[in-house]
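Structure first, then comments.
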Amino acid sequence: MVVLHDTQRGNLARIGTREWALLRYADGTRDVEGIRAAAADGTRDNVSELCEIKSLFTSLHQAGLLQDGPVSTLETATAVGLNASRDERPIESLPGYRFACHGQGACCRQYPTTLFSPIEVARARAVVPARCGAGDDVYGGFTPEFGSLPVAHGAAAVAMCEGACAYLDSDGACSIHREAGARFKPSGCSLYPVVFVDVGEAIRATVVPECRCVFDSVSEGSEAPLVDAATVADLDASVVMTTIPESIAVDDTRHVPRERYLSWCKAWTDDAENAERVGDVAAGLWTMAGRLADRAAEQMPWTTRSGLACSPTIRLFLHALTGALERRVGQDEAWRSPRDMAHRVANAMLVATRALAELPDGALLPAAVCAEHEAFYWRTVLYGHQFLGERPVAESFRWRAVRLWVARQMSRSLPAARLIEDPVWEQPLALVEAVCRAHGLCIAVPIEENHGK
């Protein structure tokens, strides 16, 4: 099957391979008769009648999945990386951190897809030609990231098998890596979980806290540096990084200049690097959000030593997340495998979020299972400014607190058999973070009422 993702509204549409063959020819240059003729020339399958084709495109149009007009420049270009051949700014890695991968393939099982560049598609098809039959037909293993252009013209989304990259072997190893070496893997896979942010005078390298290995490496890291590059000029041209905007949204009504925001971050970083002062990270984030709303950001040390009790405002966020998870789980139930990791995590998150939302006012929210890991979580998120661009900073802090509470609840409720079955469940925070970012949870969920404190 082919699943079409509406990235603007979060909707999904499932179609069959015959319908996908037709949709591939809907590039804006053909009418319905032209689409049928092109599909008949490009496939050996029986082509649908005109009335069936019209019905297909009518349904897609009604679902908001068709856009009229010429192909945009975004659809004709691959992802733009660095133009950095002469950029000698230094690469600054997260201090004192070394990453070591367990090789369990968790990162290949929890995202909606993995993107390949055209050359990476060609390499995968040559190295493992039998996988999904992509060696003979590229569309057996890849679809365009968006639009209907041929795969060779831009980034391609790899096929997924039971929620995992089609090139992931059953033992958790990458078949491309196994057959041809690490240099043949997609660049995004080779870099993961490292991300880059432009802070002006330097480029920071840190990690996204979305893999069990990221947290295990806090105490069991390798000797290798986070990245080999010393300057921006040493990075591969395909590397994409985020930048800090000139104006930062603090809440729905207020922006501050970049320089002021960075001065706040300096104070927050000083606290985050002192583990004894961090206290309860979730409670600290929620409290910091309130101080931002009260315009007291300059006096925002980590003073929240203990956890928080459930309140109507916290429950408002939990109910919003419950609704988003119910929608996601309901949509996915019809087509995702029971073994699909993202689907299983979303279900576990839904159970945990419902339990938290049922707590009475005044009941304490779950305490940290591993304070060291949560302190590192805040440090790497802060170092890489990973909360920017999700929501205004104050709201993003609140959602980060909610993620931590949900992960803590999952740690207490997951059955022991699941931990034995798959060790990635030992770090629920990594799973929650991955699913939230990949599926827009705790980011795109609107809160309609006044947040309060």
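Ordering of the structure tokens sets the chain letters (A, B, ...); residue numbers start at 1 within each chain; ligands are numbered from 1 in the order shown.
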Looking only at the backbone, which of the residues in stretch 102-314 of chain A does DSSP tag as helix (DSSP H, G or I), as a PDB file with C-alpha atoms, in the first residue's frame?
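What follows is the written file states_22.pdb:
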```
ATOM      1  CA  ALA A 106      15.884   1.573  16.962  1.00  0.00           C
ATOM      2  CA  CYS A 107      16.336   4.766  14.945  1.00  0.00           C
ATOM      3  CA  CYS A 108      15.329   2.878  11.783  1.00  0.00           C
ATOM      4  CA  PRO A 118      19.125  10.482  -5.641  1.00  0.00           C
ATOM      5  CA  ILE A 119      22.689   9.120  -5.431  1.00  0.00           C
ATOM      6  CA  GLU A 120      21.852   7.311  -2.187  1.00  0.00           C
ATOM      7  CA  VAL A 121      18.825   5.735  -3.869  1.00  0.00           C
ATOM      8  CA  ALA A 122      21.062   4.505  -6.697  1.00  0.00           C
ATOM      9  CA  ARG A 123      23.568   3.043  -4.238  1.00  0.00           C
ATOM     10  CA  ALA A 124      20.907   1.212  -2.225  1.00  0.00           C
ATOM     11  CA  ARG A 125      19.345  -0.267  -5.363  1.00  0.00           C
ATOM     12  CA  ALA A 126      22.759  -1.463  -6.585  1.00  0.00           C
ATOM     13  CA  VAL A 127      23.954  -2.869  -3.252  1.00  0.00           C
ATOM     14  CA  ARG A 131      14.941  -5.445  -1.350  1.00  0.00           C
ATOM     15  CA  CYS A 132      11.339  -4.511  -2.263  1.00  0.00           C
ATOM     16  CA  GLY A 133      12.280  -5.256  -5.881  1.00  0.00           C
ATOM     17  CA  VAL A 138      12.752   2.147  -8.091  1.00  0.00           C
ATOM     18  CA  TYR A 139       9.138   2.722  -7.020  1.00  0.00           C
ATOM     19  CA  GLY A 140       9.137  -0.630  -5.283  1.00  0.00           C
ATOM     20  CA  VAL A 151      12.470   9.939  -7.621  1.00  0.00           C
ATOM     21  CA  ALA A 152      15.701  10.883  -9.391  1.00  0.00           C
ATOM     22  CA  HIS A 153      14.775  14.583  -9.237  1.00  0.00           C
ATOM     23  CA  SER A 175      21.719  -4.166   4.994  1.00  0.00           C
ATOM     24  CA  ILE A 176      23.354  -1.342   3.003  1.00  0.00           C
ATOM     25  CA  HIS A 177      26.047  -0.954   5.654  1.00  0.00           C
ATOM     26  CA  ARG A 178      26.456  -4.722   5.885  1.00  0.00           C
ATOM     27  CA  GLU A 179      26.930  -5.206   2.145  1.00  0.00           C
ATOM     28  CA  ALA A 180      28.961  -2.140   1.186  1.00  0.00           C
ATOM     29  CA  ALA A 182      29.129   2.785   6.219  1.00  0.00           C
ATOM     30  CA  ARG A 183      29.994   5.216   3.432  1.00  0.00           C
ATOM     31  CA  PHE A 184      27.106   3.862   1.314  1.00  0.00           C
ATOM     32  CA  SER A 187      24.096  10.822   5.074  1.00  0.00           C
ATOM     33  CA  GLY A 188      21.266  11.400   7.553  1.00  0.00           C
ATOM     34  CA  CYS A 189      21.732   7.881   8.921  1.00  0.00           C
ATOM     35  CA  SER A 190      25.491   8.317   9.170  1.00  0.00           C
ATOM     36  CA  LEU A 191      25.130  11.564  11.115  1.00  0.00           C
ATOM     37  CA  ARG A 212      18.392   4.849  24.005  1.00  0.00           C
ATOM     38  CA  CYS A 213      22.044   4.971  22.951  1.00  0.00           C
ATOM     39  CA  VAL A 214      22.079   8.743  23.435  1.00  0.00           C
ATOM     40  CA  PHE A 215      21.279   8.341  27.135  1.00  0.00           C
ATOM     41  CA  ASP A 216      23.441   5.258  27.674  1.00  0.00           C
ATOM     42  CA  SER A 217      26.361   7.223  26.241  1.00  0.00           C
ATOM     43  CA  VAL A 218      26.166   9.701  29.113  1.00  0.00           C
ATOM     44  CA  SER A 219      28.135   7.165  31.166  1.00  0.00           C
ATOM     45  CA  GLU A 220      29.295   4.697  28.498  1.00  0.00           C
ATOM     46  CA  VAL A 232      32.222  24.227   8.816  1.00  0.00           C
ATOM     47  CA  ALA A 233      34.358  23.780   5.688  1.00  0.00           C
ATOM     48  CA  ASP A 234      35.104  20.211   6.823  1.00  0.00           C
ATOM     49  CA  ARG A 258      18.034  37.141  19.562  1.00  0.00           C
ATOM     50  CA  GLU A 259      20.729  38.715  21.787  1.00  0.00           C
ATOM     51  CA  ARG A 260      18.409  38.847  24.783  1.00  0.00           C
ATOM     52  CA  TYR A 261      17.282  35.285  24.267  1.00  0.00           C
ATOM     53  CA  LEU A 262      20.931  34.143  24.086  1.00  0.00           C
ATOM     54  CA  SER A 263      21.678  35.909  27.352  1.00  0.00           C
ATOM     55  CA  TRP A 264      18.874  33.924  28.976  1.00  0.00           C
ATOM     56  CA  CYS A 265      20.283  30.724  27.508  1.00  0.00           C
ATOM     57  CA  LYS A 266      23.670  31.504  29.031  1.00  0.00           C
ATOM     58  CA  ALA A 267      22.107  31.638  32.495  1.00  0.00           C
ATOM     59  CA  TRP A 268      20.044  28.489  31.859  1.00  0.00           C
ATOM     60  CA  THR A 269      23.138  26.655  30.593  1.00  0.00           C
ATOM     61  CA  ASP A 270      25.121  27.555  33.699  1.00  0.00           C
ATOM     62  CA  ASP A 271      22.373  25.992  35.804  1.00  0.00           C
ATOM     63  CA  ALA A 272      21.977  22.960  33.533  1.00  0.00           C
ATOM     64  CA  ALA A 275      23.630  18.717  38.226  1.00  0.00           C
ATOM     65  CA  GLU A 276      23.078  19.502  41.916  1.00  0.00           C
ATOM     66  CA  ARG A 277      21.101  22.613  41.010  1.00  0.00           C
ATOM     67  CA  VAL A 278      18.924  21.100  38.299  1.00  0.00           C
ATOM     68  CA  VAL A 281      13.580  18.958  35.219  1.00  0.00           C
ATOM     69  CA  ALA A 282       9.887  18.701  34.342  1.00  0.00           C
ATOM     70  CA  ALA A 283       8.829  20.916  37.239  1.00  0.00           C
ATOM     71  CA  GLY A 284      11.645  23.312  36.405  1.00  0.00           C
ATOM     72  CA  LEU A 285      10.546  23.633  32.792  1.00  0.00           C
ATOM     73  CA  TRP A 286       6.938  24.251  33.791  1.00  0.00           C
ATOM     74  CA  THR A 287       8.041  26.882  36.324  1.00  0.00           C
ATOM     75  CA  MET A 288      10.358  28.544  33.821  1.00  0.00           C
ATOM     76  CA  ALA A 289       7.471  28.803  31.363  1.00  0.00           C
ATOM     77  CA  GLY A 290       5.452  30.666  33.986  1.00  0.00           C
ATOM     78  CA  ARG A 291       8.325  33.043  34.662  1.00  0.00           C
ATOM     79  CA  LEU A 292       8.679  33.727  30.971  1.00  0.00           C
ATOM     80  CA  ALA A 293       5.003  34.617  30.837  1.00  0.00           C
ATOM     81  CA  ALA A 297      13.226  35.415  32.626  1.00  0.00           C
ATOM     82  CA  GLU A 298      16.298  37.191  33.945  1.00  0.00           C
ATOM     83  CA  GLN A 299      15.768  35.545  37.350  1.00  0.00           C
ATOM     84  CA  PRO A 312      -6.305  22.160  35.840  1.00  0.00           C
ATOM     85  CA  THR A 313      -3.747  23.842  33.554  1.00  0.00           C
ATOM     86  CA  ILE A 314      -1.513  20.781  33.403  1.00  0.00           C
TER      87      ILE A 314
END
```
Find the nearest atom pair between each residue of stretch 220-247 of chain A and stretch 91-100 of chain A for residues within 10 Å, count only C-alpha atoms, give distances in Å to one decimal, sort rows by chain and ascending number, and present the table as JSON lines.
```
{"residue": "A:Glu220", "atom": "CA", "partner": "A:Ala100", "partner_atom": "CA", "distance": 7.4}
{"residue": "A:Gly221", "atom": "CA", "partner": "A:Arg98", "partner_atom": "CA", "distance": 4.7}
{"residue": "A:Ser222", "atom": "CA", "partner": "A:Ala100", "partner_atom": "CA", "distance": 5.1}
{"residue": "A:Glu223", "atom": "CA", "partner": "A:Arg98", "partner_atom": "CA", "distance": 6.5}
{"residue": "A:Ala224", "atom": "CA", "partner": "A:Arg98", "partner_atom": "CA", "distance": 6.5}
{"residue": "A:Pro225", "atom": "CA", "partner": "A:Arg98", "partner_atom": "CA", "distance": 5.9}
{"residue": "A:Leu226", "atom": "CA", "partner": "A:Arg98", "partner_atom": "CA", "distance": 5.8}
{"residue": "A:Val227", "atom": "CA", "partner": "A:Ser93", "partner_atom": "CA", "distance": 7.4}
{"residue": "A:Asp228", "atom": "CA", "partner": "A:Ile91", "partner_atom": "CA", "distance": 9.3}
{"residue": "A:Ala229", "atom": "CA", "partner": "A:Ile91", "partner_atom": "CA", "distance": 6.8}
{"residue": "A:Ala230", "atom": "CA", "partner": "A:Ile91", "partner_atom": "CA", "distance": 5.5}
{"residue": "A:Thr231", "atom": "CA", "partner": "A:Ile91", "partner_atom": "CA", "distance": 5.2}
{"residue": "A:Val232", "atom": "CA", "partner": "A:Ile91", "partner_atom": "CA", "distance": 6.4}
{"residue": "A:Ala233", "atom": "CA", "partner": "A:Ile91", "partner_atom": "CA", "distance": 9.7}
{"residue": "A:Asp234", "atom": "CA", "partner": "A:Ile91", "partner_atom": "CA", "distance": 9.3}
{"residue": "A:Leu235", "atom": "CA", "partner": "A:Ile91", "partner_atom": "CA", "distance": 9.3}
```
Store the residues of this selection in a file with C-alpha atoms, as a short mmCIF file (atom, residue, chain, number, x, y, z; two decimals), in the first residue's frame.
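Generated output (part-v8.cif):
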```
data_model
loop_
_atom_site.label_atom_id
_atom_site.label_comp_id
_atom_site.auth_asym_id
_atom_site.auth_seq_id
_atom_site.Cartn_x
_atom_site.Cartn_y
_atom_site.Cartn_z
CA GLU A 220 29.29 4.70 28.50
CA GLY A 221 30.34 6.86 25.55
CA SER A 222 33.03 6.01 23.03
CA GLU A 223 36.41 7.70 22.66
CA ALA A 224 35.48 9.14 19.26
CA PRO A 225 34.44 12.81 19.07
CA LEU A 226 30.85 13.64 18.29
CA VAL A 227 31.92 14.88 14.83
CA ASP A 228 35.27 14.69 13.07
CA ALA A 229 34.96 18.10 11.44
CA ALA A 230 36.88 20.97 13.01
CA THR A 231 35.34 23.76 10.93
CA VAL A 232 32.22 24.23 8.82
CA ALA A 233 34.36 23.78 5.69
CA ASP A 234 35.10 20.21 6.82
CA LEU A 235 31.42 19.21 6.87
#
```
A:Val208: which residues within 9 Å, counting only C-alpha atoms, same-chain residues fewer than 3 positions away excluded, as an MDAnalysis selection string? chainID A and resid 192:195 211 214 377 380:381 384 386 430 433:434
If we count only C-alpha atoms, what is near A:Glu390 at a cut-off of 9 Å, once residues fewer than 3 positions away on the same chain are taken out, given as a short mmCIF file (atom, residue, chain, number, x, y, z; two decimals) with C-alpha atoms, in the first residue's frame?
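The resulting file, out31.cif, is reproduced below:
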```
data_model
loop_
_atom_site.label_atom_id
_atom_site.label_comp_id
_atom_site.auth_asym_id
_atom_site.auth_seq_id
_atom_site.Cartn_x
_atom_site.Cartn_y
_atom_site.Cartn_z
CA GLN A 386 16.05 22.29 19.99
CA PHE A 387 12.87 23.85 21.37
CA VAL A 393 9.38 29.24 24.00
CA GLU A 395 4.66 26.83 25.45
CA SER A 396 7.49 24.65 24.19
CA GLY A 440 4.11 16.55 15.44
CA CYS A 442 3.39 18.15 21.68
CA ILE A 443 4.35 20.59 18.93
CA ALA A 444 1.35 21.13 16.67
#
```
Tell me, as a list in words, which residues lie within 6 Å of stretch 348-364 of chain A, counting only C-alpha atoms; anything in the same chain fewer than 5 positions away does not count.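 Listing them by chain and then by number gives Leu308, Ala309, Cys310, Ser311, Arg315, Leu318, Leu325, Val406, Gln409 and Met410 of chain A.
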Within 9 Å of stretch 46-60 of chain A, counting only C-alpha atoms, which residues qualify if same-chain residues fewer than 2 places away don't, as JSON, numbers by chain? {"A": [13, 18, 19, 22, 23, 32, 33, 35, 36, 37, 39, 40, 43, 44, 62, 63, 64, 65, 66]}
Using only C-alpha atoms, find the one residue out of A:Arg9, A:His373, A:Arg336, A:Arg89 that sits nearest to A:Asp198.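 Result for the nearest residue to A:Asp198: A:Arg89.
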Expressed in Å, the length from atom CA of A:Gly141 to atom CA of A:Pro209 is 28.7 Å
Interatomic distance between atom CA of A:Arg24 and atom CA of A:Pro150?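 Straight-line distance from atom CA of A:Arg24 to atom CA of A:Pro150 works out to 7.9 Å.
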Those in stretch 238-339 of chain A with strand (DSSP E or B) from DSSP, as a PyMOL selection string: chain A and resi 242-243+247-249+255-257+309
Please dump the current selection as a PDB file, in the first residue's frame; keep N, CA and C atoms.
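Final output, part-v2.pdb:
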```pdb
ATOM      1  N   THR A 242      20.057  24.157  11.581  1.00  0.00           N
ATOM      2  CA  THR A 242      19.078  25.172  11.946  1.00  0.00           C
ATOM      3  C   THR A 242      19.802  26.461  12.326  1.00  0.00           C
ATOM      4  N   THR A 243      19.099  27.547  12.241  1.00  0.00           N
ATOM      5  CA  THR A 243      19.652  28.834  12.636  1.00  0.00           C
ATOM      6  C   THR A 243      18.729  29.483  13.659  1.00  0.00           C
ATOM      7  N   SER A 247      14.446  37.264  15.817  1.00  0.00           N
ATOM      8  CA  SER A 247      13.413  37.548  16.800  1.00  0.00           C
ATOM      9  C   SER A 247      12.841  36.228  17.319  1.00  0.00           C
ATOM     10  N   ILE A 248      12.739  36.090  18.632  1.00  0.00           N
ATOM     11  CA  ILE A 248      12.291  34.848  19.254  1.00  0.00           C
ATOM     12  C   ILE A 248      10.916  35.048  19.873  1.00  0.00           C
ATOM     13  N   ALA A 249       9.970  34.171  19.528  1.00  0.00           N
ATOM     14  CA  ALA A 249       8.634  34.227  20.132  1.00  0.00           C
ATOM     15  C   ALA A 249       8.692  33.636  21.536  1.00  0.00           C
ATOM     16  N   HIS A 255       7.731  38.942  21.541  1.00  0.00           N
ATOM     17  CA  HIS A 255       8.981  38.507  20.945  1.00  0.00           C
ATOM     18  C   HIS A 255      10.130  39.264  21.616  1.00  0.00           C
ATOM     19  N   VAL A 256      11.298  38.638  21.642  1.00  0.00           N
ATOM     20  CA  VAL A 256      12.490  39.311  22.161  1.00  0.00           C
ATOM     21  C   VAL A 256      13.601  39.178  21.124  1.00  0.00           C
ATOM     22  N   PRO A 257      14.544  40.121  21.105  1.00  0.00           N
ATOM     23  CA  PRO A 257      15.664  40.015  20.165  1.00  0.00           C
ATOM     24  C   PRO A 257      16.516  38.794  20.457  1.00  0.00           C
ATOM     25  N   ALA A 309       2.384  19.140  41.540  1.00  0.00           N
ATOM     26  CA  ALA A 309       1.105  18.444  41.657  1.00  0.00           C
ATOM     27  C   ALA A 309       0.269  18.735  40.422  1.00  0.00           C
TER      28      ALA A 309
END
```
Can you pull out the residues contacting A:Pro144? Cut-off 8 Å, using only C-alpha atoms, and skip same-chain residues under 2 positions away; I want them as a PyMOL selection string. chain A and resi 142+146-151+154-157
Write to file, as a PDB file, in the first residue's frame, the residues of the selection just made, with C-alpha atoms.
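Dumped to out_39.pdb:
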```pdb
ATOM      1  CA  PHE A 142      11.068   4.613  -2.880  1.00  0.00           C
ATOM      2  CA  PHE A 146       6.450  15.171  -1.856  1.00  0.00           C
ATOM      3  CA  GLY A 147       4.840  16.000  -5.174  1.00  0.00           C
ATOM      4  CA  SER A 148       4.810  13.672  -8.159  1.00  0.00           C
ATOM      5  CA  LEU A 149       8.232  14.233  -9.711  1.00  0.00           C
ATOM      6  CA  PRO A 150      10.403  11.213 -10.532  1.00  0.00           C
ATOM      7  CA  VAL A 151      12.470   9.939  -7.621  1.00  0.00           C
ATOM      8  CA  GLY A 154      14.787  15.037  -5.463  1.00  0.00           C
ATOM      9  CA  ALA A 155      14.787  13.462  -2.031  1.00  0.00           C
ATOM     10  CA  ALA A 156      13.012  10.110  -1.810  1.00  0.00           C
ATOM     11  CA  ALA A 157      11.198   8.422   1.073  1.00  0.00           C
TER      12      ALA A 157
END
```
Could you check the closest approach to A:Glu426 for each of A:Val369, A:Ala401, A:Val329, A:Ala21 and tell me which residue wins, using only C-alpha atoms? A:Val369
